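Working notes for the structure below.
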Amino acid sequence: MAYDYTPFPYVAPPGLTGTEPRHAVAIVGAGPIGLAMAVDLAQRGIRSVVLDDNNVVSVGSRAICWSKRTLEIFDRLGIGQRMLEKGVTWKVGRQFYGDREVYNFDLLPEDGHKYPAFINLQQYYVEEYLVARAGEFPELIDLRFKNKVVGHQDKGDFVALQIETPDGEYQIEADYLIACDGAGSATRQRMGLEFSGQTFEEQFLIADIEMEQSPFGDEDVPERWFWFDPTFHPGKSALLHMQPDNIYRIDLQLDADADGKAEAAEDKVVPRIKAIVGDKPFKLDWVSVYKFRCIKLDQMVHNRVIFVGDSAHVVSPFGARGGNGGIQDVDNLGWKLAAVLTDNAPASLIRTYHQERSHGAAENIKNSSRSTNFMTPKTPIEALFRAEALTLAQDQPFAQKLLNSGRLSVPCSLEGMDLQTPGTAQVAPGRALIDAPLESETGSSWLLNEVQGQFTLVGFGDVVLPDLPSVRRIGINQRADYPCFTATNGHAIRRYGSGKAYLFRPDGHVCAVFDPPTEQSVLAARARALGAELEENAA
Amino acid sequence: MSIAPDRLSPDQDDFYNTLIQAHEGLSEAQSHAMNARLILLMANRIGDLAVLTDLIETARSYADG
Ligand SMILES: Cc1cc2nc3c(=O)[nH]c(=O)nc-3n(C[C@H](O)[C@H](O)[C@H](O)COP(=O)(O)OP(=O)(O)OC[C@H]3O[C@@H](n4cnc5c(N)ncnc54)[C@H](O)[C@@H]3O)c2cc1C
């Protein structure tokens with residue numbers, strides 16, 4: 001069933017008729033990133049105004065693959081379960097050379113995780129769920145559709161914004177401007193910031209088709225199929241993915257000099273799709289032709305203007321790192337900005353958002369460009385090596401691993417960065433939490449539900465946690481006067497080791513480990529994670 | 001770029017002969033393809049990124065003059 005794009009209502013903003021009090025945070029753009037940002041801040045009690053030039057969710061599904069880490073973050077933001085229920089869970093990827101399968105992988109052979117490695121769900125559903133979730137915070141999130149930001153000035157300790165509406169222009173001020181205005185960010189352009197990197201010449205036809213029968217052969221298997229040089233599309237690559245509502249995503253590589261407009265025309269697209277799905281009936285839902293880029297900003301924080309999501313970095317979609325990377329940006333910035341706005345951290349903490357997330361963006365760009373390069377050999381020698389890697393991959397395990405149709409998004413590690421207290425452990429400081437099932441007298445839970453959202457000290461096994469009024473504590477496989485859980489099937493202990501305490505940041509990254517913890521060492525690590533030791537704040 | 005100690009002798013002639021013979025009867029394109037496969041197989045056998053990087057740089061340095 002095709003998606004029903006019901007427009008969101010426009011309401012004339014108060015700024016048209018009077019001066020609005022200064023906002024704490026203005027978010028430009030209500031894509032998945034801007035909306036998630038508003039929800040994250042609202043959950044921490046921070047108000048924001050969200051301005052979007054449009055009034056419908058993403059047209060065309062665009063992002064479809066949401067990673068485990070993203071789902072865990074969305075769990076904290078209140079829509080993870082809804083996404084999981086609606087989405088298609090898949091974990092097997094198959095790669096074909098010609099018509100022959102050369103390699104398949106299983107993403108999460110391990111049990112004991114609340115969320116699977118990946119689900120497929122159309123971007124418009126994610127945005128719809130986020131808009132609904134934002135609506136649960138009427139006092140904290142002021143979502144304004146058909147409000148186009150046309151100008152802004154950083155005034156040093158606040159930002160002024162000029163906004164166009166159907167009823168005319170008005171002006172607001174905000175302590176911080178968060179630019180979530182996407183790959184073509186007008187905020188970025190207005191500031192003249194360089195946005196450079198690799199642009200790929202090849203074009204890709206991206207189509208969503210609706211069909212009752214399965215294009216995956218006889219059975220409907222929720223898998224990812226990728227072809228190098230398939231007989232139905234010789235010399236190029238192709239990708240097939242399943243989405244909810246009987247919708248399937250097909251990506252087809254085109255020639256670099258193909259006429260994008262002509263290629264997107266129905267009479268051109270239909271035969272290409274028939275070549276893949278055969279005679280099974282289908283309907284075109286959305287077709288688009290893209291050229292991909294892998295680029296990022298050199299600096300994501302410019303005083304009171306902060307870039308988040310596609311406005312700060314763009315990657316090719318092979319590896320599903322665009323939206324997933326942006327959600328990790330939100331996860332990283334939310335608690336920091338809230339701590340600064342509530343005077344619990346120095347303003348310089350926000351700069352660590354750049355340190356940590358530009359590293360994540362660089363990692364995503366590196367992986368996405370490598371995949372795109374592998375898929376689109378540019379010289380005869382590149383084509384030769386790729387062809388021979390594919391030949392060897394028919395039986396050589398090492399060559400199977402060389403095939404790169406997208407290294408799928410994995411959580412970014414922040415090891416060795418300023419906010420983390422150095423230490424060694426099974427899950428080293430900087431790494432994102434590894435989920436595990438827990439049980440207590442009051443029922444079952446997941447580690448991610450117990451540690452995300454606020455600083456949490458977790459004692460695994462035989463370790464005593466000090467009394468800390470300001471830090472949430474939990475114990476696993478121990479008895480104490482703070483909440484304690486049993487590690488279901490021993491997963492948590494196996495994943496974290498026994499006899500250690502871990503301090504998790506509000507975004508679920510480990511920031512310190514202790515063996516054993518003392519009040520002083522835990523508080524010092526927490527202060528460090530809140531920016532106390534950043535150069536300009538050190539006494 | 002590094003100068004490697006000789007590790008082929010005293011079998012250097014056998015090795016060279018085996019390599020050349022393996023190309024017998026192949027077209028030039030097939031030979032190039034075989035060489036590419038050989039590089040990939042040798043790389044996996046060496047299995048050490050630092051060593052491979054050094055070898056790649058050394059080979060490349062002769063092209064740069
Ligand atoms: C074909 C394709 C497939 C993809 N597949 C995946 C995938 O599988 N997984 C994945 O994680 N990512 C994927 N991505 C990437 C993903 O779609 C983006 O990373 C994601 O949309 C970024 O979200 P965003 O909120 O930063 O930007 P956008 O979604 O672009 O949202 C920006 C918003 O800002 C608004 N806006 C712009 N200018 C103004 C202004 N001046 N004033 C007010 N509002 C403004 C826009 O209307 C829009 O609502 C894919 C992308 C494409 C194109």
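Every chain in the structure tokens has a letter given in the order shown (A, B, ...), and although residue numbers restart at 1 in each chain, ligands are simply numbered from 1 in the order shown.
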
Exercise. If you count only C-alpha atoms, which residues fall within 10 Å of Gln153 (chain A), apart from same-chain ones fewer than 5 positions away, as JSON, numbers by chain?
Worked result: {"A": [158, 159, 160, 161, 162, 173, 177, 187, 190, 191, 304, 305]}

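Every residue of chain A that lies within 10 Å of chain B is listed here, counting only C-alpha atoms: Ile381, Leu384, Phe385, Arg386, Ala387, Glu388, Ala389, Leu390, Thr391, Leu392, Gln396, Phe398, Ala399 and Leu402 of chain A.
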
Restrict the calculation to only C-alpha atoms and all ligand atoms, then for each residue of chain A with any atom at most 6 Å from an atom of ligand 1 give the closest atom pair and their distance in Å to one decimal, rows by chain and rising residue number, as JSON lines.
{"residue": "A:Val28", "atom": "CA", "partner": "ligand 1", "partner_atom_place_in_ligand_line": "43 (C)", "distance": 5.2}
{"residue": "A:Gly29", "atom": "CA", "partner": "ligand 1", "partner_atom_place_in_ligand_line": "34 (O)", "distance": 3.2}
{"residue": "A:Ala30", "atom": "CA", "partner": "ligand 1", "partner_atom_place_in_ligand_line": "49 (O)", "distance": 4.5}
{"residue": "A:Gly31", "atom": "CA", "partner": "ligand 1", "partner_atom_place_in_ligand_line": "25 (O)", "distance": 3.5}
{"residue": "A:Pro32", "atom": "CA", "partner": "ligand 1", "partner_atom_place_in_ligand_line": "25 (O)", "distance": 4.3}
{"residue": "A:Ile33", "atom": "CA", "partner": "ligand 1", "partner_atom_place_in_ligand_line": "25 (O)", "distance": 3.8}
{"residue": "A:Gly34", "atom": "CA", "partner": "ligand 1", "partner_atom_place_in_ligand_line": "25 (O)", "distance": 5.4}
{"residue": "A:Leu51", "atom": "CA", "partner": "ligand 1", "partner_atom_place_in_ligand_line": "43 (C)", "distance": 5.1}
{"residue": "A:Asp52", "atom": "CA", "partner": "ligand 1", "partner_atom_place_in_ligand_line": "44 (N)", "distance": 3.5}
{"residue": "A:Asp53", "atom": "CA", "partner": "ligand 1", "partner_atom_place_in_ligand_line": "43 (C)", "distance": 4.0}
{"residue": "A:Asn54", "atom": "CA", "partner": "ligand 1", "partner_atom_place_in_ligand_line": "47 (O)", "distance": 5.0}
{"residue": "A:Arg62", "atom": "CA", "partner": "ligand 1", "partner_atom_place_in_ligand_line": "2 (C)", "distance": 4.1}
{"residue": "A:Ala63", "atom": "CA", "partner": "ligand 1", "partner_atom_place_in_ligand_line": "6 (C)", "distance": 3.2}
{"residue": "A:Ile64", "atom": "CA", "partner": "ligand 1", "partner_atom_place_in_ligand_line": "8 (O)", "distance": 4.0}
{"residue": "A:Cys65", "atom": "CA", "partner": "ligand 1", "partner_atom_place_in_ligand_line": "8 (O)", "distance": 3.7}
{"residue": "A:Trp66", "atom": "CA", "partner": "ligand 1", "partner_atom_place_in_ligand_line": "9 (N)", "distance": 5.6}
{"residue": "A:Asn147", "atom": "CA", "partner": "ligand 1", "partner_atom_place_in_ligand_line": "43 (C)", "distance": 5.9}
{"residue": "A:Lys148", "atom": "CA", "partner": "ligand 1", "partner_atom_place_in_ligand_line": "42 (N)", "distance": 3.7}
{"residue": "A:Val149", "atom": "CA", "partner": "ligand 1", "partner_atom_place_in_ligand_line": "42 (N)", "distance": 3.9}
{"residue": "A:Val150", "atom": "CA", "partner": "ligand 1", "partner_atom_place_in_ligand_line": "41 (N)", "distance": 5.7}
{"residue": "A:Cys180", "atom": "CA", "partner": "ligand 1", "partner_atom_place_in_ligand_line": "26 (O)", "distance": 5.1}
{"residue": "A:Asp181", "atom": "CA", "partner": "ligand 1", "partner_atom_place_in_ligand_line": "34 (O)", "distance": 3.5}
{"residue": "A:Gly182", "atom": "CA", "partner": "ligand 1", "partner_atom_place_in_ligand_line": "27 (O)", "distance": 3.5}
{"residue": "A:Ala183", "atom": "CA", "partner": "ligand 1", "partner_atom_place_in_ligand_line": "30 (O)", "distance": 5.8}
{"residue": "A:Ser185", "atom": "CA", "partner": "ligand 1", "partner_atom_place_in_ligand_line": "38 (N)", "distance": 5.8}
{"residue": "A:Ala186", "atom": "CA", "partner": "ligand 1", "partner_atom_place_in_ligand_line": "41 (N)", "distance": 5.5}
{"residue": "A:Gly309", "atom": "CA", "partner": "ligand 1", "partner_atom_place_in_ligand_line": "26 (O)", "distance": 3.8}
{"residue": "A:Asp310", "atom": "CA", "partner": "ligand 1", "partner_atom_place_in_ligand_line": "26 (O)", "distance": 3.9}
{"residue": "A:Ser311", "atom": "CA", "partner": "ligand 1", "partner_atom_place_in_ligand_line": "26 (O)", "distance": 5.9}
{"residue": "A:Pro317", "atom": "CA", "partner": "ligand 1", "partner_atom_place_in_ligand_line": "4 (C)", "distance": 4.8}
{"residue": "A:Ala320", "atom": "CA", "partner": "ligand 1", "partner_atom_place_in_ligand_line": "9 (N)", "distance": 3.8}
{"residue": "A:Arg321", "atom": "CA", "partner": "ligand 1", "partner_atom_place_in_ligand_line": "11 (O)", "distance": 4.8}
{"residue": "A:Gly322", "atom": "CA", "partner": "ligand 1", "partner_atom_place_in_ligand_line": "19 (O)", "distance": 3.5}
{"residue": "A:Gly323", "atom": "CA", "partner": "ligand 1", "partner_atom_place_in_ligand_line": "11 (O)", "distance": 3.2}
{"residue": "A:Asn324", "atom": "CA", "partner": "ligand 1", "partner_atom_place_in_ligand_line": "11 (O)", "distance": 3.9}

Exercise. Do you know which residues are at most 12 Å from Asp507 (chain A) counting only C-alpha atoms, after dropping those on the same chain fewer than 2 positions away, and could you put them as number ranges by chain?
Worked result: A: 40, 69-70, 72-77, 327-336, 353, 411-412, 414, 430-433, 448-456, 503-505, 509-511, 529

Write out as a compact mmCIF listing (two decimals) with N, CA and C atoms, in the first residue's frame the set of residues from region 403-487 of chain A that DSSP, computed on the backbone, places in helix (DSSP H, G or I).
# COMPACT_ATOMS: atom_id res chain seq x y z
N LEU A 447 19.85 -4.06 29.38
CA LEU A 447 20.88 -3.16 29.87
C LEU A 447 20.68 -1.76 29.27
N LEU A 448 20.32 -1.70 27.98
CA LEU A 448 20.18 -0.38 27.36
C LEU A 448 19.10 0.46 28.04
N ASN A 449 18.05 -0.18 28.54
CA ASN A 449 17.01 0.58 29.22
C ASN A 449 17.46 1.06 30.59
N GLU A 450 18.42 0.38 31.16
CA GLU A 450 18.88 0.74 32.50
C GLU A 450 19.96 1.81 32.47
N VAL A 451 20.75 1.88 31.40
CA VAL A 451 21.88 2.81 31.43
C VAL A 451 21.72 4.03 30.53

Exercise. Near Phe96 (chain A), counting only C-alpha atoms, which residues have an atom at most 10 Å away, once you skip same-chain residues fewer than 2 positions from it, shown as a ChimeraX atom specification?
Worked result: /A:94,98-104,225-230,237-238,390,394

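In this model, the gap between CA of Asp395 (chain A) and CA of Arg224 (chain A) comes to 20.8 Å.
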
For this session: Name all residues at most 12 Å from Leu52 (chain B) (count only C-alpha atoms; drop same-chain ones fewer than 3 positions away) and give them as a count of residues only.
Result: 17

Exercise. If you run DSSP on this backbone, which residues of region 121-309 of chain A come out as strand (DSSP E or B), and could you give them as JSON, numbers by chain?
Worked result: {"A": [141, 142, 143, 144, 148, 149, 150, 151, 152, 153, 154, 159, 160, 161, 162, 163, 164, 165, 168, 169, 170, 171, 172, 173, 174, 175, 176, 177, 178, 179, 195, 196, 197, 198, 199, 200, 201, 202, 203, 204, 205, 206, 207, 208, 209, 210, 223, 224, 225, 226, 227, 228, 237, 238, 239, 240, 241, 242, 243, 247, 248, 249, 250, 251, 252, 253, 254, 283, 284, 285, 286, 287, 288, 289, 290, 291, 292, 293, 294, 295, 296, 297, 301, 302, 305, 306, 307]}

For this session: Could you please determine the separation between CA of Val88 (chain A) and CA of Asn120 (chain A) in Å, to one decimal place?
Result: 5.1 Å
